[in-house]
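Trainee: Structure supplied as query-v2.cif; contents: mmCIF, C-alpha atoms.
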```cif
data_model
#
loop_
_atom_site.label_atom_id
_atom_site.label_comp_id
_atom_site.auth_asym_id
_atom_site.auth_seq_id
_atom_site.Cartn_x
_atom_site.Cartn_y
_atom_site.Cartn_z
CA MET A 1 219.97 -230.05 -74.67
CA THR A 2 223.06 -231.60 -76.23
CA ARG A 3 226.28 -232.02 -74.25
CA GLY A 4 228.28 -231.09 -77.34
CA VAL A 5 229.00 -232.26 -80.88
CA VAL A 6 231.38 -235.17 -81.32
CA LEU A 7 233.09 -235.82 -84.64
CA VAL A 8 233.44 -239.60 -85.02
CA THR A 9 235.73 -240.42 -87.92
CA GLY A 10 235.06 -243.75 -89.58
CA ILE A 11 231.58 -243.93 -88.11
CA THR A 12 230.44 -246.80 -90.34
CA GLY A 13 233.06 -249.22 -88.98
CA PHE A 14 232.79 -251.73 -86.14
CA ILE A 15 234.36 -249.62 -83.39
CA GLY A 16 233.16 -246.36 -84.98
CA THR A 17 229.53 -247.44 -84.84
CA HIS A 18 229.66 -248.53 -81.21
CA THR A 19 231.53 -245.39 -80.20
CA ALA A 20 229.07 -243.11 -81.96
CA LEU A 21 226.16 -244.84 -80.23
CA ALA A 22 227.91 -244.57 -76.86
CA PHE A 23 228.21 -240.80 -77.33
CA LEU A 24 224.61 -240.51 -78.55
CA GLU A 25 223.34 -242.51 -75.59
CA ALA A 26 225.35 -240.24 -73.28
CA GLY A 27 223.53 -237.16 -74.60
CA TYR A 28 225.90 -235.85 -77.26
CA ASP A 29 225.19 -235.00 -80.88
CA VAL A 30 227.35 -236.88 -83.36
CA LYS A 31 228.83 -235.85 -86.68
CA GLY A 32 230.18 -238.85 -88.53
CA THR A 33 232.63 -239.09 -91.36
CA ALA A 34 232.21 -241.67 -94.10
CA ARG A 35 233.66 -242.18 -97.56
CA SER A 36 230.41 -241.44 -99.35
CA THR A 37 227.00 -239.85 -98.85
CA ALA A 38 225.39 -243.26 -99.34
CA LYS A 39 227.43 -244.78 -96.50
CA ALA A 40 226.79 -241.84 -94.19
CA GLU A 41 223.04 -241.92 -94.81
CA GLY A 42 222.97 -245.69 -94.68
CA TRP A 43 224.47 -245.55 -91.21
CA ILE A 44 221.70 -243.43 -89.70
CA ALA A 45 219.10 -245.56 -91.48
CA HIS A 46 220.22 -248.30 -89.08
CA PHE A 47 219.66 -246.06 -86.06
CA PRO A 48 216.68 -243.82 -86.93
CA ALA A 49 215.99 -242.94 -83.29
CA TYR A 50 219.06 -240.67 -83.38
CA LYS A 51 218.35 -238.91 -86.66
CA ALA A 52 217.78 -235.54 -84.99
CA CYS A 53 221.18 -235.77 -83.27
CA TYR A 54 223.18 -236.81 -86.33
CA THR A 55 224.97 -235.03 -89.13
CA TYR A 56 227.75 -236.20 -91.39
CA ALA A 57 230.66 -235.15 -93.55
CA VAL A 58 231.99 -237.05 -96.54
CA VAL A 59 235.74 -237.69 -96.39
CA GLU A 60 236.68 -239.78 -99.40
CA ASP A 61 240.39 -240.03 -98.61
CA ILE A 62 241.59 -239.47 -95.05
CA ALA A 63 245.20 -239.15 -96.28
CA ALA A 64 244.44 -236.23 -98.63
CA ALA A 65 245.68 -232.84 -97.44
CA GLY A 66 242.91 -230.91 -95.67
CA ALA A 67 240.69 -234.01 -95.54
CA PHE A 68 239.00 -233.03 -92.27
CA ASP A 69 239.15 -229.22 -92.48
CA GLU A 70 235.42 -228.89 -93.14
CA ALA A 71 234.37 -231.91 -91.10
CA VAL A 72 235.64 -230.48 -87.81
CA LYS A 73 233.62 -227.29 -88.06
CA GLY A 74 230.90 -227.05 -85.45
CA CYS A 75 232.42 -229.81 -83.32
CA ASP A 76 233.50 -229.71 -79.67
CA ILE A 77 235.12 -233.14 -79.42
CA ILE A 78 236.83 -235.52 -81.83
CA ALA A 79 236.99 -239.31 -81.65
CA HIS A 80 239.43 -240.27 -84.39
CA ILE A 81 238.84 -243.91 -85.27
CA ALA A 82 239.18 -244.02 -89.07
CA SER A 83 242.28 -245.98 -90.05
CA PRO A 84 243.05 -249.03 -92.21
CA ALA A 85 242.32 -252.21 -90.26
CA HIS A 86 243.44 -255.15 -92.38
CA TRP A 87 246.43 -257.33 -93.22
CA SER A 88 245.78 -257.57 -96.96
CA GLN A 89 247.85 -254.70 -98.25
CA SER A 90 249.55 -254.90 -101.64
CA ASP A 91 251.53 -251.71 -101.01
CA ASN A 92 252.72 -251.14 -97.45
CA GLU A 93 252.86 -247.37 -97.75
CA ALA A 94 249.80 -246.64 -99.87
CA ASP A 95 247.49 -249.15 -98.22
CA LEU A 96 248.45 -248.84 -94.55
CA LEU A 97 251.24 -246.53 -93.46
CA ILE A 98 250.31 -243.33 -95.27
CA PRO A 99 246.54 -243.47 -94.57
CA ALA A 100 247.10 -244.25 -90.87
CA ILE A 101 249.75 -241.59 -90.28
CA ASN A 102 248.56 -238.82 -92.60
CA GLY A 103 244.93 -239.43 -91.68
CA THR A 104 245.84 -238.76 -88.06
CA LYS A 105 247.89 -235.69 -88.93
CA ASN A 106 245.06 -234.32 -91.06
CA VAL A 107 242.60 -234.59 -88.16
CA LEU A 108 245.03 -232.79 -85.89
CA TYR A 109 245.83 -230.02 -88.39
CA ALA A 110 242.10 -229.55 -88.92
CA THR A 111 241.58 -228.65 -85.26
CA LYS A 112 243.17 -225.30 -86.06
CA HIS A 113 240.01 -224.51 -88.04
CA GLU A 114 237.66 -225.03 -85.07
CA PRO A 115 238.49 -223.26 -81.78
CA ARG A 116 235.53 -224.93 -80.05
CA ILE A 117 237.36 -228.24 -79.81
CA THR A 118 238.31 -229.10 -76.23
CA ARG A 119 239.14 -232.82 -76.35
CA VAL A 120 240.50 -235.27 -78.90
CA VAL A 121 240.59 -239.01 -78.29
CA PHE A 122 242.57 -241.18 -80.67
CA THR A 123 241.88 -244.88 -81.21
CA SER A 124 245.23 -246.61 -81.21
CA SER A 125 245.87 -250.29 -80.48
CA LEU A 126 247.72 -252.82 -78.37
CA ALA A 127 249.77 -253.13 -81.57
CA ALA A 128 251.23 -249.69 -80.85
CA ILE A 129 252.39 -250.86 -77.42
CA ILE A 130 253.61 -254.40 -77.76
CA GLU A 131 257.06 -255.14 -79.09
CA PRO A 132 257.13 -257.80 -81.85
CA SER A 133 260.05 -259.52 -80.10
CA ARG A 134 258.46 -259.39 -76.65
CA GLU A 135 259.77 -262.07 -74.36
CA PRO A 136 257.19 -264.67 -73.29
CA GLY A 137 255.64 -263.72 -69.98
CA LYS A 138 256.75 -260.08 -70.04
CA LEU A 139 254.18 -257.74 -68.48
CA VAL A 140 252.55 -255.44 -71.04
CA VAL A 141 251.81 -251.89 -69.82
CA GLU A 142 250.84 -248.53 -71.33
CA THR A 143 254.32 -247.07 -71.21
CA GLU A 144 255.78 -249.42 -73.81
CA TRP A 145 256.04 -248.72 -77.54
CA ASN A 146 256.26 -250.90 -80.61
CA PRO A 147 259.73 -249.90 -81.89
CA THR A 148 259.21 -250.71 -85.59
CA THR A 149 260.36 -247.78 -87.72
CA TYR A 150 258.72 -246.42 -90.85
CA GLU A 151 261.62 -247.65 -92.98
CA GLU A 152 261.37 -251.13 -91.50
CA ALA A 153 257.62 -251.28 -92.04
CA LYS A 154 257.92 -249.89 -95.56
CA VAL A 155 259.94 -252.89 -96.76
CA SER A 156 258.56 -255.61 -94.49
CA THR A 157 256.96 -258.66 -96.10
CA ASN A 158 255.17 -259.52 -92.85
CA ALA A 159 251.65 -258.06 -93.11
CA PRO A 160 250.90 -258.04 -89.36
CA VAL A 161 254.18 -256.25 -88.67
CA VAL A 162 253.24 -253.52 -91.13
CA TYR A 163 249.77 -253.12 -89.64
CA ARG A 164 251.13 -252.91 -86.10
CA ALA A 165 253.71 -250.36 -87.17
CA SER A 166 250.99 -248.24 -88.78
CA LYS A 167 249.19 -248.05 -85.45
CA ALA A 168 252.32 -247.16 -83.50
CA LEU A 169 253.53 -244.55 -85.98
CA ALA A 170 250.09 -242.93 -86.18
CA GLU A 171 249.88 -242.71 -82.39
CA ARG A 172 253.38 -241.26 -82.20
CA ALA A 173 252.25 -238.58 -84.67
CA PHE A 174 249.37 -237.78 -82.30
CA TRP A 175 251.61 -237.27 -79.27
CA ASP A 176 254.25 -235.42 -81.31
CA TYR A 177 251.62 -232.95 -82.46
CA ILE A 178 250.57 -232.25 -78.87
CA LYS A 179 254.19 -231.81 -77.79
CA ASP A 180 255.16 -229.55 -80.71
CA GLU A 181 251.98 -227.56 -81.35
CA LYS A 182 250.68 -227.29 -77.76
CA PRO A 183 247.01 -227.14 -78.81
CA THR A 184 244.30 -225.71 -76.59
CA TRP A 185 242.54 -229.07 -76.50
CA ALA A 186 243.59 -232.07 -74.40
CA GLY A 187 244.29 -235.46 -75.94
CA SER A 188 243.96 -239.09 -74.89
CA THR A 189 244.60 -242.40 -76.64
CA ILE A 190 242.72 -245.68 -76.33
CA CYS A 191 244.74 -248.83 -77.10
CA PRO A 192 242.44 -251.86 -77.37
CA CYS A 193 243.60 -255.38 -78.12
CA ALA A 194 241.73 -257.69 -80.53
CA THR A 195 238.18 -256.42 -80.21
CA SER A 196 235.05 -258.55 -80.45
CA GLY A 197 231.40 -257.98 -79.63
CA PRO A 198 228.10 -257.57 -81.49
CA PRO A 199 228.64 -256.42 -85.11
CA ILE A 200 225.92 -253.76 -85.33
CA GLN A 201 227.53 -251.61 -88.03
CA PRO A 202 225.87 -251.56 -91.48
CA LEU A 203 226.89 -254.71 -93.35
CA THR A 204 226.16 -256.01 -96.83
CA SER A 205 227.00 -259.65 -96.04
CA LEU A 206 228.62 -261.86 -93.42
CA ALA A 207 231.75 -261.72 -95.56
CA ALA A 208 232.04 -258.05 -94.53
CA LEU A 209 232.44 -258.84 -90.83
CA ASN A 210 235.51 -257.27 -89.25
CA THR A 211 238.46 -259.58 -88.68
CA SER A 212 238.04 -260.39 -84.98
CA VAL A 213 234.31 -261.08 -85.26
CA ALA A 214 234.77 -263.03 -88.49
CA PHE A 215 237.16 -265.33 -86.63
CA MET A 216 234.40 -266.21 -84.17
CA TRP A 217 231.95 -266.85 -87.01
CA ASP A 218 234.50 -269.07 -88.76
CA LEU A 219 234.69 -271.15 -85.58
CA ALA A 220 230.91 -271.44 -85.34
CA SER A 221 230.14 -272.04 -89.01
CA GLY A 222 232.23 -275.17 -89.48
CA LYS A 223 235.33 -273.78 -91.13
CA PHE A 224 237.60 -275.46 -88.58
CA LYS A 225 235.96 -278.79 -87.76
CA ASP A 226 239.14 -280.70 -87.15
CA SER A 227 240.92 -278.42 -84.72
CA VAL A 228 240.74 -274.97 -83.21
CA PRO A 229 243.08 -272.61 -85.09
CA PRO A 230 245.41 -270.16 -83.34
CA GLY A 231 244.07 -266.70 -82.72
CA PRO A 232 244.75 -263.54 -80.71
CA PRO A 233 245.67 -264.40 -77.10
CA VAL A 234 243.71 -261.48 -75.60
CA HIS A 235 240.28 -259.93 -75.97
CA VAL A 236 238.12 -256.94 -75.15
CA ASP A 237 234.48 -256.16 -75.85
CA VAL A 238 233.80 -253.36 -78.33
CA ARG A 239 231.22 -251.86 -75.97
CA ASP A 240 233.92 -251.37 -73.34
CA VAL A 241 236.14 -249.74 -75.96
CA ALA A 242 233.32 -247.39 -76.97
CA LEU A 243 232.60 -246.41 -73.37
CA ALA A 244 236.29 -245.72 -72.80
CA HIS A 245 236.15 -243.11 -75.58
CA VAL A 246 233.29 -241.32 -73.85
CA ARG A 247 234.93 -241.43 -70.43
CA ALA A 248 238.25 -240.26 -71.89
CA VAL A 249 236.72 -236.98 -73.06
CA GLU A 250 234.64 -236.47 -69.92
CA ARG A 251 237.18 -237.01 -67.16
CA ASP A 252 239.97 -234.58 -66.38
CA VAL A 253 242.20 -237.41 -65.22
CA ALA A 254 242.29 -238.67 -68.82
CA LYS A 255 243.96 -235.57 -70.23
CA ASN A 256 247.20 -236.49 -71.98
CA GLN A 257 246.86 -240.12 -70.93
CA ARG A 258 247.20 -243.42 -72.77
CA TYR A 259 244.98 -246.39 -71.90
CA LEU A 260 245.48 -250.09 -72.56
CA LEU A 261 242.23 -252.03 -72.97
CA VAL A 262 242.63 -255.77 -72.43
CA ALA A 263 239.83 -257.60 -70.65
CA GLY A 264 241.63 -260.91 -70.39
CA SER A 265 243.80 -263.54 -72.03
CA HIS A 266 242.36 -266.68 -73.58
CA ILE A 267 242.83 -269.42 -76.13
CA PRO A 268 240.34 -269.82 -79.02
CA ASP A 269 239.21 -273.11 -77.45
CA GLU A 270 237.44 -270.97 -74.84
CA PHE A 271 235.44 -269.14 -77.52
CA THR A 272 234.54 -272.52 -79.00
CA ASP A 273 233.50 -273.91 -75.62
CA VAL A 274 231.15 -270.98 -74.98
CA ILE A 275 229.55 -271.45 -78.39
CA ARG A 276 229.14 -275.16 -77.74
CA ARG A 277 227.44 -274.59 -74.39
CA HIS A 278 225.10 -271.78 -75.44
CA PHE A 279 224.26 -272.66 -79.06
CA PRO A 280 223.38 -276.38 -79.29
CA THR A 281 222.40 -276.14 -82.96
CA LEU A 282 225.98 -275.20 -83.84
CA ARG A 283 227.68 -278.04 -81.99
CA ASP A 284 228.17 -280.21 -85.06
CA ASN A 285 230.13 -277.38 -86.69
CA LEU A 286 232.63 -277.05 -83.88
CA PRO A 287 236.08 -278.60 -83.52
CA PRO A 288 237.12 -280.43 -80.34
CA VAL A 289 238.54 -278.23 -77.61
CA ASP A 290 241.27 -278.60 -75.04
CA LEU A 291 240.62 -276.16 -72.22
CA SER A 292 243.64 -277.37 -70.28
CA LYS A 293 245.75 -275.21 -72.58
CA ALA A 294 244.03 -272.10 -71.23
CA ARG A 295 246.07 -272.33 -68.05
CA GLN A 296 249.28 -272.19 -70.04
CA SER A 297 248.81 -268.64 -71.36
CA ASN A 298 251.93 -266.53 -70.87
CA PHE A 299 250.41 -263.23 -72.01
CA LYS A 300 250.60 -260.96 -68.99
CA PHE A 301 249.22 -257.44 -68.97
CA ASP A 302 248.17 -254.65 -66.64
CA ALA A 303 244.98 -252.89 -67.73
CA SER A 304 244.18 -251.57 -64.26
CA LYS A 305 244.69 -247.93 -65.27
CA VAL A 306 241.61 -247.78 -67.50
CA GLN A 307 239.56 -249.52 -64.81
CA ARG A 308 240.80 -247.17 -62.11
CA GLU A 309 240.69 -243.86 -63.98
CA LEU A 310 237.84 -244.38 -66.46
CA GLY A 311 235.77 -246.80 -64.41
CA ILE A 312 235.65 -249.47 -67.11
CA GLN A 313 234.33 -252.80 -65.87
CA PHE A 314 235.29 -255.30 -68.52
CA THR A 315 232.62 -257.49 -70.09
CA PRO A 316 233.22 -261.19 -69.31
CA LEU A 317 234.41 -263.39 -72.17
CA ALA A 318 231.29 -265.57 -72.12
CA THR A 319 228.96 -262.56 -72.33
CA MET A 320 230.98 -261.12 -75.21
CA VAL A 321 230.89 -264.40 -77.16
CA VAL A 322 227.18 -265.03 -76.58
CA ASP A 323 226.16 -261.49 -77.53
CA THR A 324 228.38 -261.61 -80.61
CA MET A 325 226.98 -264.92 -81.78
CA ASN A 326 223.37 -263.86 -81.18
CA THR A 327 223.92 -260.84 -83.42
CA ILE A 328 225.69 -262.87 -86.11
CA LEU A 329 222.88 -265.41 -86.18
CA LEU A 330 220.36 -262.60 -86.68
CA LEU A 331 222.49 -261.33 -89.55
CA GLN A 332 222.68 -264.84 -90.98
CA GLU A 333 218.89 -264.98 -90.99
CA HIS A 334 218.67 -261.50 -92.50
CA PHE A 335 221.05 -262.35 -95.33
CA GLY A 336 219.51 -265.77 -95.87
CA VAL A 337 222.85 -267.55 -95.59
#
```
Have the structure of the file written as structure tokens, please.
Mentor:
Amino acid sequence: MTRGVVLVTGITGFIGTHTALAFLEAGYDVKGTARSTAKAEGWIAHFPAYKACYTYAVVEDIAAAGAFDEAVKGCDIIAHIASPAHWSQSDNEADLLIPAINGTKNVLYATKHEPRITRVVFTSSLAAIIEPSREPGKLVVETEWNPTTYEEAKVSTNAPVVYRASKALAERAFWDYIKDEKPTWAGSTICPCATSGPPIQPLTSLAALNTSVAFMWDLASGKFKDSVPPGPPVHVDVRDVALAHVRAVERDVAKNQRYLLVAGSHIPDEFTDVIRRHFPTLRDNLPPVDLSKARQSNFKFDASKVQRELGIQFTPLATMVVDTMNTILLLQEHFGV
């Protein structure tokens, strides 16, 4: 017997796929949203063992008014993950800000059409927490907010700033709705940092890898033979992020709470070193590393709340890198690259 029906928006994405599988493995039925019937059916073709527990709804444009009104029907829980996740916008509002903010609002407004809903978990980001002008060494905690305004993001020429603002403004819309509308359901937000891990979502090529995983493949495939490029200073495994979504809707302590998910800080040299040690055939592709720089990291954070309240035990960096690379190499063989 199912433990309930979970609507997973953006099910075909990297985090969406892992989160949907985490709910399925925990005994829930899943209803996924995708932009087309082909994508929705293609997703379950990857995971046929769960076909009896899966339905879907097509949502072509998450920013369109009423986008999720039909999708929420028959659901008990919502995991809202669908949101633009790129830095390649040509129009700050149309490509990032409006879809992120209005997509979130549309999910929330849609809950009025389904009284069964008891919990909503929203996938936010470290980007919604961290201040762009954060002082080096300042401790990052859940209570902080990225202060970038809509007007600032609208005219910014810095793509990462616009993306980070979209995450913060969308999460603010989530909490504002709860404060103003006082829904019968309880909400939680999950704020992961740069997320890596096995890319098991449906892909058409290695070029379609999500940004954080593509960075690891670029390291391993010889794109940076001369030196290790800069990259995100923190990491978390997608499987830990997915499990946090499940725990957030199952535990009373998570009601109206915000969780920061950062497993650790690192330098990209550490990713490279793990690849070198575990994948000898890739060694000639790799740049030289300087692990002494790892001790100089000034990114300080406190992610103890999600460990304490949701019981998340973070996946070690080496395990994350090895599992990610094993999956990419299987994809490489599949695509004949």
Trainee: Return as JSON, numbers by chain the set of residues that the PyMOL selection byres ((chain A and resi 103) around 8) yields on the displayed structure.
Mentor: {"A": [62, 63, 64, 67, 82, 83, 98, 99, 100, 101, 102, 104, 105, 106, 107]}
Trainee: Exactly which residues make up the result of the PyMOL selection byres ((chain A and resi 238) around 9) on this file, given as JSON, numbers by chain?
Mentor: {"A": [14, 15, 18, 19, 192, 195, 196, 197, 198, 236, 237, 239, 240, 241, 242, 243, 320]}
Trainee: Residues at most 12 Å from Arg164 in chain A, counting only C-alpha atoms, excluding those fewer than 5 positions away in the same chain, as a PyMOL selection string?
Mentor: chain A and resi 83-87+92+96-97+100+124-132+145-150+152-153+156+158-159+169-171+191+193-194
Trainee: With all atoms listed in the file as the basis for distance, which of A:Thr157, A:Ser221, A:Thr211, A:Thr189 is at the shortest distance from Thr281 in chain A?
Mentor: A:Ser221
Trainee: Let me make sure I understand: among A:Phe279, A:Val30, A:Asn256, A:Arg116, which one has the smallest atom-to-atom distance to Asp176 in chain A if we use all atoms listed in the file?
Mentor: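 Result for the nearest residue to Asp176 in chain A: A:Asn256.
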Trainee: Calculated over only C-alpha atoms, which of the candidates A:Ile77, A:Ala248, A:Ala34, A:Val8 has the smallest distance to Glu60 in chain A?
Mentor: A:Ala34
Trainee: Report, in Å to a single decimal, how far apart CA of Val246 in chain A and CA of Tyr259 in chain A are.
Mentor: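 Taking CA of Tyr259 in chain A as the start and CA of Val246 in chain A as the end point, the length is 12.9 Å.
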Trainee: Enumerate, as an MDAnalysis selection string, the residues matched when the PyMOL selection byres ((chain A and resi 20) around 12) is run on the file above.
Mentor: chainID A and resid 5:19 21:33 43:44 47 50 53:56 77:81 200:201 238:239 241:246
Trainee: When you look at Lys112 in chain A with a cut-off of 10 Å (counting only C-alpha atoms), what residues show up, excluding the ones that are within fewer than 6 positions of it in the same chain? I need them as a ChimeraX atom specification.
Mentor: /A:69,72-73,183-184
Trainee: Calculated over all atoms listed in the file, which of the candidates A:Leu108, A:Val162, A:Leu219, A:Val140 has the smallest distance to Phe174 in chain A?
Mentor: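 With all atoms listed in the file as the atom set, the closest residue is A:Leu108.
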Trainee: Leaving out Ser304 in chain A and any residue of its chain fewer than 4 positions from it, which residues lie within 10 Å of it when counting all atoms listed in the file, given as a ChimeraX atom specification?
Mentor: /A:141,259-263,308-312
Trainee: What is the distance between CA of Val213 in chain A and CA of Glu250 in chain A, in Å to one decimal?
Mentor: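 Here the two named atoms are 29.0 Å from each other.
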Trainee: What does the distance from CA of Gly187 in chain A to CA of Gln257 in chain A come to in Å, to one decimal?
Mentor: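 A separation of 7.3 Å between them.
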Trainee: Closest to Lys154 in chain A among A:Ala94, A:Ala214, A:Leu329, A:Ala71, using all atoms listed in the file?
Mentor: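 When distances to Lys154 in chain A are compared using all atoms listed in the file, the smallest one comes from A:Ala94.
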Trainee: Counting all atoms listed in the file, which residue out of A:Glu270, A:Asp284, A:Asp290, A:Asp180 sits closest to Phe224 in chain A?
Mentor: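 Residue with the minimum atom-to-atom distance to Phe224 in chain A: A:Asp284.
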Trainee: Hey, what's within 9 Å of Val274 in chain A if we count all atoms listed in the file and toss same-chain stuff fewer than 6 positions away? As a short mmCIF file (atom, residue, chain, number, x, y, z; two decimals) with C-alpha atoms, in the frame of the given file, please?
Mentor:
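Everything below was put into part_13.cif:
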```cif
data_model
loop_
_atom_site.label_atom_id
_atom_site.label_comp_id
_atom_site.auth_asym_id
_atom_site.auth_seq_id
_atom_site.Cartn_x
_atom_site.Cartn_y
_atom_site.Cartn_z
CA LEU A 317 234.41 -263.39 -72.17
CA ALA A 318 231.29 -265.57 -72.12
CA VAL A 321 230.89 -264.40 -77.16
CA VAL A 322 227.18 -265.03 -76.58
#
```
Trainee: The residues within 12 Å of (222.3, -262.8, -89.7), using only C-alpha atoms and the coordinates of the file, should be reported as JSON, numbers by chain; which are they?
Mentor: {"A": [198, 199, 200, 202, 203, 204, 205, 206, 207, 208, 209, 217, 324, 325, 326, 327, 328, 329, 330, 331, 332, 333, 334, 335, 336, 337]}
Trainee: Just the residues within 10 Å of Phe299 in chain A, please, counting only C-alpha atoms, with nothing from its chain fewer than 6 positions along; format it as an MDAnalysis selection string.
Mentor: chainID A and resid 135:140 233:234 264:266
